[in-house]
Amino acid sequence: MQQVDDFVAESTALYDILKPLSVADLARPTQFKDWTVAQVIQHLHIFNIMADHSLNDPDRFAEEWAKFGAAMRGGESMVSITERLLSGLTGPDLLDAWIGRVHDMAPRFAAADPRARVKWAGPEMSVRSSITARQMETWAHGQEVFDLLGIIRQDTDRIRNIAHLGAQTYGWAFANRGEPVPDPMPHIRLASPSGAIWEWGETSDTEHIQGSAVEFCQVVTQTRNIADTTLSVTGANAARWMAIAQCFAGAPEDPPAPGQRGPATR
């Protein structure tokens with residue numbers, strides 16, 4: 001599965017900008033819910049562990065996720081639960097544990113049947129979708145780190161996995177909010193980082209989204225408001241989708257307000 005290599009590459013790209021940071025830098029709050037950089041990495045690490053369990057030890061995944069869910073229903077925050085489950089792991093030790101797990105779990109996913117089904121917090125998914133989701137979340141949460149440091153990320157065509165996930169979750173974005181899924185799905189035509197053109201859906205003159213694949217990925221992962229992109233959005237279905245797009249599992253989340261997320265001035 002190319003998606004496994006892409007997950008490792010995405011994680012490594014993020015690790016490379018994190019490794020030189022001081023403990024104080026890792027404690028700086030990002031634009032995402034004021035999570036610190038360390039809390040972002042704790043989040044990625046714990047859910048990488050969960051995904052690894054879902055593939056290799058489903059009973060343990062069920063047990064650990066039941067504890068996680070019970071704590072959240074009891075009012076404990078996701079940040080607090082994660083820090084507790086990781087026994088306060090932070091600083092350089094956290095970075096090493098996170099990237100170490102990435103490299104440990106990759107061969108297990110590479111050896112698995114891509115079509116096999118695994119449990120998750122939301123609906124179960126294929127192994128291929130599971131590792132794609134890990135890349136997506138690494139890329140999405142990595143954005144707040146790049147933004148905090150004032151670095152413009154140099155994306156590659158491996159984000160096609162994320163754009164595909166975004167296109168495939170058109171119906172999910174509406175259904176997750178209890179809204180009827182409007183037909184037709186907009187035609188999507190995106191320019192990749194390499195300049196290649198990627199398309200999804202049936203060609204339409206009345207419902208379509210065109211522009212940068214990077215910006216499309218930013219919208220569907222809710223790291224940018226559609227108003228802060230140059231995407232061309234035509235049609236009522238397309239406009240509503242881009243206002244609520246969510247390619248990740250969990251309860252409905254609203255995108256950041258216009259101007260709320262972006263690279264800091266260095």
# chains A, B, ... in the order shown; residues from 1 in each chain; ligands from 1

$ residues_around --residues "Glu64 of chain A" --least-positions-apart "5" --cutoff "9 Å" --atoms "only C-alpha atoms" --output "JSON, numbers by chain"
{"A": [50, 59, 69]}

$ write_last_selection --atoms "N, CA, C and O atoms" --output "PDB file, in the first residue's frame"
ATOM      1  N   MET A  50      -3.924   3.635  18.886  1.00  0.00           N
ATOM      2  CA  MET A  50      -5.268   3.062  18.760  1.00  0.00           C
ATOM      3  C   MET A  50      -5.457   2.379  17.406  1.00  0.00           C
ATOM      4  O   MET A  50      -6.018   1.272  17.322  1.00  0.00           O
ATOM      5  N   ASP A  59      -9.379  -6.631  20.422  1.00  0.00           N
ATOM      6  CA  ASP A  59      -9.941  -6.658  21.773  1.00  0.00           C
ATOM      7  C   ASP A  59      -9.344  -5.537  22.620  1.00  0.00           C
ATOM      8  O   ASP A  59     -10.063  -4.889  23.396  1.00  0.00           O
ATOM      9  N   GLY A  69     -13.824   6.666  25.732  1.00  0.00           N
ATOM     10  CA  GLY A  69     -15.171   7.203  25.571  1.00  0.00           C
ATOM     11  C   GLY A  69     -15.856   7.474  26.894  1.00  0.00           C
ATOM     12  O   GLY A  69     -16.548   8.491  27.059  1.00  0.00           O
TER      13      GLY A  69
END

$ closest_residue --among "A:Arg60, A:His43, A:Arg261, A:His208" --to "Gly235 of chain A" --atoms "only C-alpha atoms"
A:His208

$ residues_around --residues "Pro258 of chain A" --least-positions-apart "3" --cutoff "9 Å" --atoms "only C-alpha atoms" --output "PyMOL selection string"
chain A and resi 224-228+255+261

$ write_last_selection --atoms "N, CA and C atoms" --output "JSON list (two decimals), in the first residue's frame"
[["chain", "number", "residue", "atom", "x", "y", "z"],
["A", 224, "ARG", "N", -8.61, 25.39, 7.45],
["A", 224, "ARG", "CA", -8.87, 26.70, 6.88],
["A", 224, "ARG", "C", -10.37, 26.85, 6.62],
["A", 225, "ASN", "N", -10.85, 28.07, 6.73],
["A", 225, "ASN", "CA", -12.21, 28.39, 6.29],
["A", 225, "ASN", "C", -12.18, 28.55, 4.78],
["A", 226, "ILE", "N", -13.25, 28.15, 4.13],
["A", 226, "ILE", "CA", -13.33, 28.26, 2.68],
["A", 226, "ILE", "C", -13.09, 29.71, 2.23],
["A", 227, "ALA", "N", -13.48, 30.68, 3.06],
["A", 227, "ALA", "CA", -13.30, 32.09, 2.71],
["A", 227, "ALA", "C", -11.83, 32.49, 2.64],
["A", 228, "ASP", "N", -10.97, 31.71, 3.26],
["A", 228, "ASP", "CA", -9.54, 32.02, 3.27],
["A", 228, "ASP", "C", -8.78, 31.27, 2.19],
["A", 255, "PRO", "N", -15.84, 24.48, 11.02],
["A", 255, "PRO", "CA", -14.52, 24.93, 10.58],
["A", 255, "PRO", "C", -14.12, 26.20, 11.32],
["A", 261, "ARG", "N", -7.33, 30.97, 11.17],
["A", 261, "ARG", "CA", -6.16, 30.10, 11.03],
["A", 261, "ARG", "C", -5.30, 30.57, 9.87]]

$ residues_around --residues "Ile188 of chain A" --least-positions-apart "2" --cutoff "10 Å" --atoms "only C-alpha atoms" --output "list in words"
Ala163, Ala167, Met185, Pro186, Leu190, Trp198, Glu199, Trp200, Gly201, Glu202, Thr203, Ser204, Glu207, His208, Ile209, Gln210, Gly211, Ala213, Phe216, Val233 and Ala238 of chain A

$ closest_residue --among "A:Val181, A:Gln218, A:Ala257, A:Val118" --to "Trp241 of chain A" --atoms "only C-alpha atoms"
A:Val181

$ closest_residue --among "A:Glu124, A:Glu83, A:Asp113, A:Asp155" --to "Pro58 of chain A" --atoms "only C-alpha atoms"
A:Glu124

$ closest_residue --among "A:Pro193, A:Gly142, A:Gly74, A:Pro123" --to "Phe32 of chain A" --atoms "only C-alpha atoms"
A:Gly142

$ closest_residue --among "A:Arg73, A:Lys67, A:Arg153, A:His103" --to "Gly262 of chain A" --atoms "only C-alpha atoms"
A:Arg153

$ atom_distance --atom1 "atom CA of Thr206 of chain A" --atom2 "atom CA of Gly259 of chain A"
28.1 Å

$ residues_around --residues "segment 17-21 of chain A" --least-positions-apart "3" --cutoff "12 Å" --atoms "only C-alpha atoms" --output "number ranges by chain"
A: 10-14, 24-28, 37-38, 40-41, 91-96, 98-99, 142-143, 145-153

$ write_last_selection --atoms "N, CA and C atoms" --output "compact mmCIF listing (two decimals), in the first residue's frame"
# COMPACT_ATOMS: atom_id res chain seq x y z
N GLU A 10 4.69 11.60 5.67
CA GLU A 10 4.01 12.76 6.27
C GLU A 10 4.46 12.96 7.70
N SER A 11 4.58 11.88 8.44
CA SER A 11 5.02 11.96 9.84
C SER A 11 6.46 12.44 9.92
N THR A 12 7.29 11.95 9.03
CA THR A 12 8.71 12.34 9.04
C THR A 12 8.88 13.81 8.71
N ALA A 13 8.08 14.32 7.76
CA ALA A 13 8.16 15.74 7.41
C ALA A 13 7.81 16.61 8.61
N LEU A 14 6.83 16.18 9.39
CA LEU A 14 6.46 16.93 10.59
C LEU A 14 7.54 16.79 11.66
N ALA A 24 10.44 24.55 25.59
CA ALA A 24 9.59 25.73 25.67
C ALA A 24 8.78 25.92 24.38
N ASP A 25 9.40 25.66 23.24
CA ASP A 25 8.68 25.76 21.97
C ASP A 25 7.55 24.73 21.90
N LEU A 26 7.81 23.54 22.39
CA LEU A 26 6.79 22.49 22.37
C LEU A 26 5.62 22.82 23.28
N ALA A 27 5.83 23.73 24.22
CA ALA A 27 4.76 24.14 25.14
C ALA A 27 3.97 25.34 24.63
N ARG A 28 4.31 25.85 23.45
CA ARG A 28 3.60 27.02 22.90
C ARG A 28 2.22 26.61 22.38
N VAL A 37 1.93 22.54 21.09
CA VAL A 37 2.55 21.65 20.11
C VAL A 37 2.66 20.24 20.70
N ALA A 38 3.07 20.14 21.96
CA ALA A 38 3.20 18.83 22.60
C ALA A 38 1.86 18.12 22.66
N VAL A 40 -0.61 18.45 20.58
CA VAL A 40 -0.90 18.00 19.22
C VAL A 40 -0.22 16.65 18.96
N ILE A 41 1.05 16.54 19.34
CA ILE A 41 1.79 15.30 19.10
C ILE A 41 1.28 14.18 20.01
N GLY A 91 7.96 16.53 25.67
CA GLY A 91 9.32 16.90 25.31
C GLY A 91 9.93 15.97 24.26
N PRO A 92 11.26 15.91 24.20
CA PRO A 92 11.95 15.06 23.22
C PRO A 92 11.55 13.59 23.33
N ASP A 93 11.25 13.12 24.54
CA ASP A 93 10.84 11.71 24.71
C ASP A 93 9.54 11.44 23.97
N LEU A 94 8.62 12.41 23.99
CA LEU A 94 7.36 12.27 23.27
C LEU A 94 7.61 12.20 21.77
N LEU A 95 8.46 13.08 21.25
CA LEU A 95 8.74 13.08 19.82
C LEU A 95 9.33 11.74 19.39
N ASP A 96 10.26 11.23 20.19
CA ASP A 96 10.90 9.96 19.85
C ASP A 96 9.91 8.80 19.91
N TRP A 98 6.63 8.98 19.52
CA TRP A 98 5.66 9.14 18.42
C TRP A 98 6.25 8.66 17.10
N ILE A 99 7.43 9.16 16.72
CA ILE A 99 7.98 8.77 15.42
C ILE A 99 8.42 7.30 15.45
N GLY A 142 -0.56 18.68 11.66
CA GLY A 142 0.72 19.29 11.35
C GLY A 142 0.57 20.74 10.90
N GLN A 143 -0.59 21.05 10.29
CA GLN A 143 -0.80 22.41 9.78
C GLN A 143 -0.71 23.44 10.90
N VAL A 145 1.09 23.31 13.50
CA VAL A 145 2.50 23.46 13.86
C VAL A 145 3.22 24.33 12.82
N PHE A 146 3.02 24.03 11.55
CA PHE A 146 3.60 24.86 10.49
C PHE A 146 3.13 26.31 10.63
N ASP A 147 1.84 26.50 10.91
CA ASP A 147 1.31 27.85 11.08
C ASP A 147 1.97 28.57 12.24
N LEU A 148 2.09 27.90 13.37
CA LEU A 148 2.69 28.51 14.55
C LEU A 148 4.12 28.95 14.26
N LEU A 149 4.85 28.16 13.53
CA LEU A 149 6.26 28.45 13.24
C LEU A 149 6.43 29.39 12.04
N GLY A 150 5.31 29.74 11.39
CA GLY A 150 5.39 30.65 10.25
C GLY A 150 6.03 30.02 9.03
N ILE A 151 5.92 28.69 8.92
CA ILE A 151 6.52 27.97 7.81
C ILE A 151 5.44 27.59 6.80
N ILE A 152 5.67 27.89 5.53
CA ILE A 152 4.77 27.46 4.48
C ILE A 152 5.18 26.04 4.07
N ARG A 153 4.31 25.09 4.30
CA ARG A 153 4.64 23.70 4.03
C ARG A 153 4.81 23.46 2.53

$ select_by_dssp --residues "segment 25-239 of chain A" --states "strand (DSSP E)" --output "number ranges by chain"
A: 117-118, 125-126, 187-191, 197-200, 208-212, 232-234

$ write_last_selection --atoms "N, CA, C and O atoms" --output "compact mmCIF listing (two decimals), in the first residue's frame"
# COMPACT_ATOMS: atom_id res chain seq x y z
N ARG A 117 -11.41 -5.27 7.26
CA ARG A 117 -12.14 -4.26 8.01
C ARG A 117 -11.60 -4.16 9.43
O ARG A 117 -11.26 -5.17 10.05
N VAL A 118 -11.50 -2.95 9.93
CA VAL A 118 -11.04 -2.71 11.30
C VAL A 118 -12.02 -1.77 12.00
O VAL A 118 -12.67 -0.94 11.37
N MET A 125 -13.78 0.62 9.12
CA MET A 125 -13.23 1.02 7.83
C MET A 125 -12.25 -0.04 7.35
O MET A 125 -11.89 -0.96 8.08
N SER A 126 -11.81 0.12 6.11
CA SER A 126 -10.81 -0.79 5.58
C SER A 126 -9.44 -0.44 6.16
O SER A 126 -9.22 0.67 6.65
N HIS A 187 -18.79 18.21 -8.97
CA HIS A 187 -17.58 17.76 -9.66
C HIS A 187 -16.39 18.49 -9.05
O HIS A 187 -16.45 19.69 -8.79
N ILE A 188 -15.32 17.76 -8.81
CA ILE A 188 -14.13 18.33 -8.17
C ILE A 188 -12.98 18.25 -9.16
O ILE A 188 -12.67 17.18 -9.69
N ARG A 189 -12.33 19.37 -9.41
CA ARG A 189 -11.18 19.44 -10.31
C ARG A 189 -10.09 20.24 -9.61
O ARG A 189 -10.26 21.44 -9.36
N LEU A 190 -8.99 19.58 -9.28
CA LEU A 190 -7.96 20.18 -8.46
C LEU A 190 -6.59 20.11 -9.11
O LEU A 190 -6.26 19.11 -9.77
N ALA A 191 -5.80 21.13 -8.88
CA ALA A 191 -4.41 21.14 -9.33
C ALA A 191 -3.52 20.65 -8.19
O ALA A 191 -3.53 21.22 -7.09
N ILE A 197 -3.60 17.28 -12.73
CA ILE A 197 -5.01 17.58 -12.46
C ILE A 197 -5.69 16.32 -11.92
O ILE A 197 -5.60 15.24 -12.51
N TRP A 198 -6.36 16.48 -10.78
CA TRP A 198 -7.10 15.38 -10.16
C TRP A 198 -8.59 15.71 -10.21
O TRP A 198 -8.99 16.85 -9.94
N GLU A 199 -9.41 14.71 -10.53
CA GLU A 199 -10.85 14.94 -10.64
C GLU A 199 -11.64 13.84 -9.95
O GLU A 199 -11.23 12.68 -9.93
N TRP A 200 -12.77 14.24 -9.39
CA TRP A 200 -13.73 13.30 -8.79
C TRP A 200 -15.13 13.73 -9.19
O TRP A 200 -15.43 14.93 -9.31
N HIS A 208 -19.80 22.50 -9.00
CA HIS A 208 -18.39 22.12 -9.12
C HIS A 208 -17.50 22.93 -8.19
O HIS A 208 -17.86 24.04 -7.76
N ILE A 209 -16.34 22.34 -7.89
CA ILE A 209 -15.31 22.97 -7.07
C ILE A 209 -14.00 22.84 -7.84
O ILE A 209 -13.64 21.75 -8.27
N GLN A 210 -13.30 23.96 -7.99
CA GLN A 210 -12.06 23.95 -8.74
C GLN A 210 -11.00 24.74 -7.99
O GLN A 210 -11.30 25.69 -7.27
N GLY A 211 -9.73 24.35 -8.17
CA GLY A 211 -8.64 25.11 -7.58
C GLY A 211 -7.52 24.24 -7.06
O GLY A 211 -7.24 23.17 -7.60
N SER A 212 -6.90 24.72 -6.01
CA SER A 212 -5.73 24.07 -5.43
C SER A 212 -6.10 22.84 -4.61
O SER A 212 -6.97 22.91 -3.74
N SER A 232 -12.69 27.94 -6.28
CA SER A 232 -13.90 28.37 -6.98
C SER A 232 -15.01 27.38 -6.66
O SER A 232 -14.88 26.18 -6.95
N VAL A 233 -16.09 27.87 -6.06
CA VAL A 233 -17.19 27.01 -5.61
C VAL A 233 -18.47 27.46 -6.30
O VAL A 233 -18.92 28.60 -6.12
N THR A 234 -19.08 26.56 -7.07
CA THR A 234 -20.29 26.87 -7.82
C THR A 234 -21.39 25.90 -7.46
O THR A 234 -21.18 24.68 -7.47

$ closest_residue --among "A:Phe7, A:Thr223, A:Asp34, A:Asp254" --to "Ser129 of chain A" --atoms "only C-alpha atoms"
A:Phe7

$ select_by_dssp --residues "segment 129-198 of chain A" --states "alpha helix (DSSP H)" --output "compact mmCIF listing (two decimals) with N, CA and C atoms, in the first residue's frame"
# COMPACT_ATOMS: atom_id res chain seq x y z
N SER A 129 -8.13 2.53 4.37
CA SER A 129 -8.71 3.79 4.86
C SER A 129 -8.16 4.16 6.22
N SER A 130 -7.87 3.17 7.05
CA SER A 130 -7.34 3.44 8.38
C SER A 130 -5.99 4.13 8.31
N ILE A 131 -5.07 3.62 7.48
CA ILE A 131 -3.75 4.25 7.41
C ILE A 131 -3.83 5.57 6.66
N THR A 132 -4.77 5.68 5.71
CA THR A 132 -4.98 6.97 5.05
C THR A 132 -5.45 8.01 6.06
N ALA A 133 -6.33 7.60 6.97
CA ALA A 133 -6.82 8.51 8.01
C ALA A 133 -5.68 8.96 8.92
N ARG A 134 -4.72 8.08 9.17
CA ARG A 134 -3.57 8.47 9.99
C ARG A 134 -2.72 9.51 9.27
N GLN A 135 -2.55 9.34 7.96
CA GLN A 135 -1.83 10.37 7.20
C GLN A 135 -2.61 11.68 7.23
N MET A 136 -3.93 11.58 7.01
CA MET A 136 -4.76 12.79 6.98
C MET A 136 -4.65 13.55 8.29
N GLU A 137 -4.76 12.84 9.41
CA GLU A 137 -4.73 13.54 10.69
C GLU A 137 -3.35 14.11 10.97
N THR A 138 -2.30 13.41 10.57
CA THR A 138 -0.95 13.93 10.73
C THR A 138 -0.77 15.20 9.93
N TRP A 139 -1.26 15.19 8.69
CA TRP A 139 -1.17 16.37 7.83
C TRP A 139 -1.99 17.53 8.40
N ALA A 140 -3.21 17.23 8.83
CA ALA A 140 -4.10 18.27 9.33
C ALA A 140 -3.57 18.90 10.61
N HIS A 141 -3.20 18.07 11.59
CA HIS A 141 -2.68 18.63 12.84
C HIS A 141 -1.28 19.20 12.64
N GLY A 142 -0.56 18.68 11.66
CA GLY A 142 0.72 19.29 11.35
C GLY A 142 0.57 20.74 10.90
N GLN A 143 -0.59 21.05 10.29
CA GLN A 143 -0.80 22.41 9.78
C GLN A 143 -0.71 23.44 10.90
N GLU A 144 -1.25 23.12 12.07
CA GLU A 144 -1.17 24.12 13.15
C GLU A 144 0.26 24.33 13.63
N VAL A 145 1.09 23.31 13.50
CA VAL A 145 2.50 23.46 13.86
C VAL A 145 3.22 24.33 12.82
N PHE A 146 3.02 24.03 11.55
CA PHE A 146 3.60 24.86 10.49
C PHE A 146 3.13 26.31 10.63
N ASP A 147 1.84 26.50 10.91
CA ASP A 147 1.31 27.85 11.08
C ASP A 147 1.97 28.57 12.24
N LEU A 148 2.09 27.90 13.37
CA LEU A 148 2.69 28.51 14.55
C LEU A 148 4.12 28.95 14.26
N LEU A 149 4.85 28.16 13.53
CA LEU A 149 6.26 28.45 13.24
C LEU A 149 6.43 29.39 12.04
N ARG A 160 -2.76 13.46 -2.33
CA ARG A 160 -3.88 12.93 -3.10
C ARG A 160 -4.73 12.01 -2.23
N ASN A 161 -4.10 11.28 -1.33
CA ASN A 161 -4.85 10.41 -0.42
C ASN A 161 -5.85 11.22 0.40
N ILE A 162 -5.44 12.40 0.84
CA ILE A 162 -6.29 13.25 1.67
C ILE A 162 -7.40 13.87 0.83
N ALA A 163 -7.06 14.32 -0.38
CA ALA A 163 -8.08 14.87 -1.27
C ALA A 163 -9.12 13.80 -1.61
N HIS A 164 -8.66 12.57 -1.84
CA HIS A 164 -9.59 11.47 -2.14
C HIS A 164 -10.50 11.20 -0.95
N LEU A 165 -9.93 11.19 0.25
CA LEU A 165 -10.74 11.00 1.45
C LEU A 165 -11.77 12.12 1.57
N GLY A 166 -11.36 13.34 1.27
CA GLY A 166 -12.29 14.46 1.31
C GLY A 166 -13.44 14.28 0.34
N ALA A 167 -13.12 13.86 -0.89
CA ALA A 167 -14.17 13.65 -1.89
C ALA A 167 -15.10 12.50 -1.49
N GLN A 168 -14.54 11.44 -0.92
CA GLN A 168 -15.32 10.27 -0.56
C GLN A 168 -16.23 10.50 0.65
N TYR A 170 -18.12 13.20 1.11
CA TYR A 170 -19.16 14.19 0.80
C TYR A 170 -20.45 13.86 1.55
N GLY A 171 -20.94 12.64 1.39
CA GLY A 171 -22.18 12.26 2.05
C GLY A 171 -22.07 12.26 3.56
N TRP A 172 -20.92 11.82 4.08
CA TRP A 172 -20.70 11.77 5.53
C TRP A 172 -20.83 13.15 6.16
N ALA A 173 -20.32 14.18 5.50
CA ALA A 173 -20.36 15.53 6.07
C ALA A 173 -21.79 15.97 6.36
N PHE A 174 -22.72 15.59 5.48
CA PHE A 174 -24.13 15.95 5.68
C PHE A 174 -24.81 15.00 6.66
N ALA A 175 -24.63 13.70 6.44
CA ALA A 175 -25.29 12.71 7.29
C ALA A 175 -24.87 12.85 8.75

$ atom_distance --atom1 "atom CA of Asp5 of chain A" --atom2 "atom CA of Phe61 of chain A"
23.5 Å
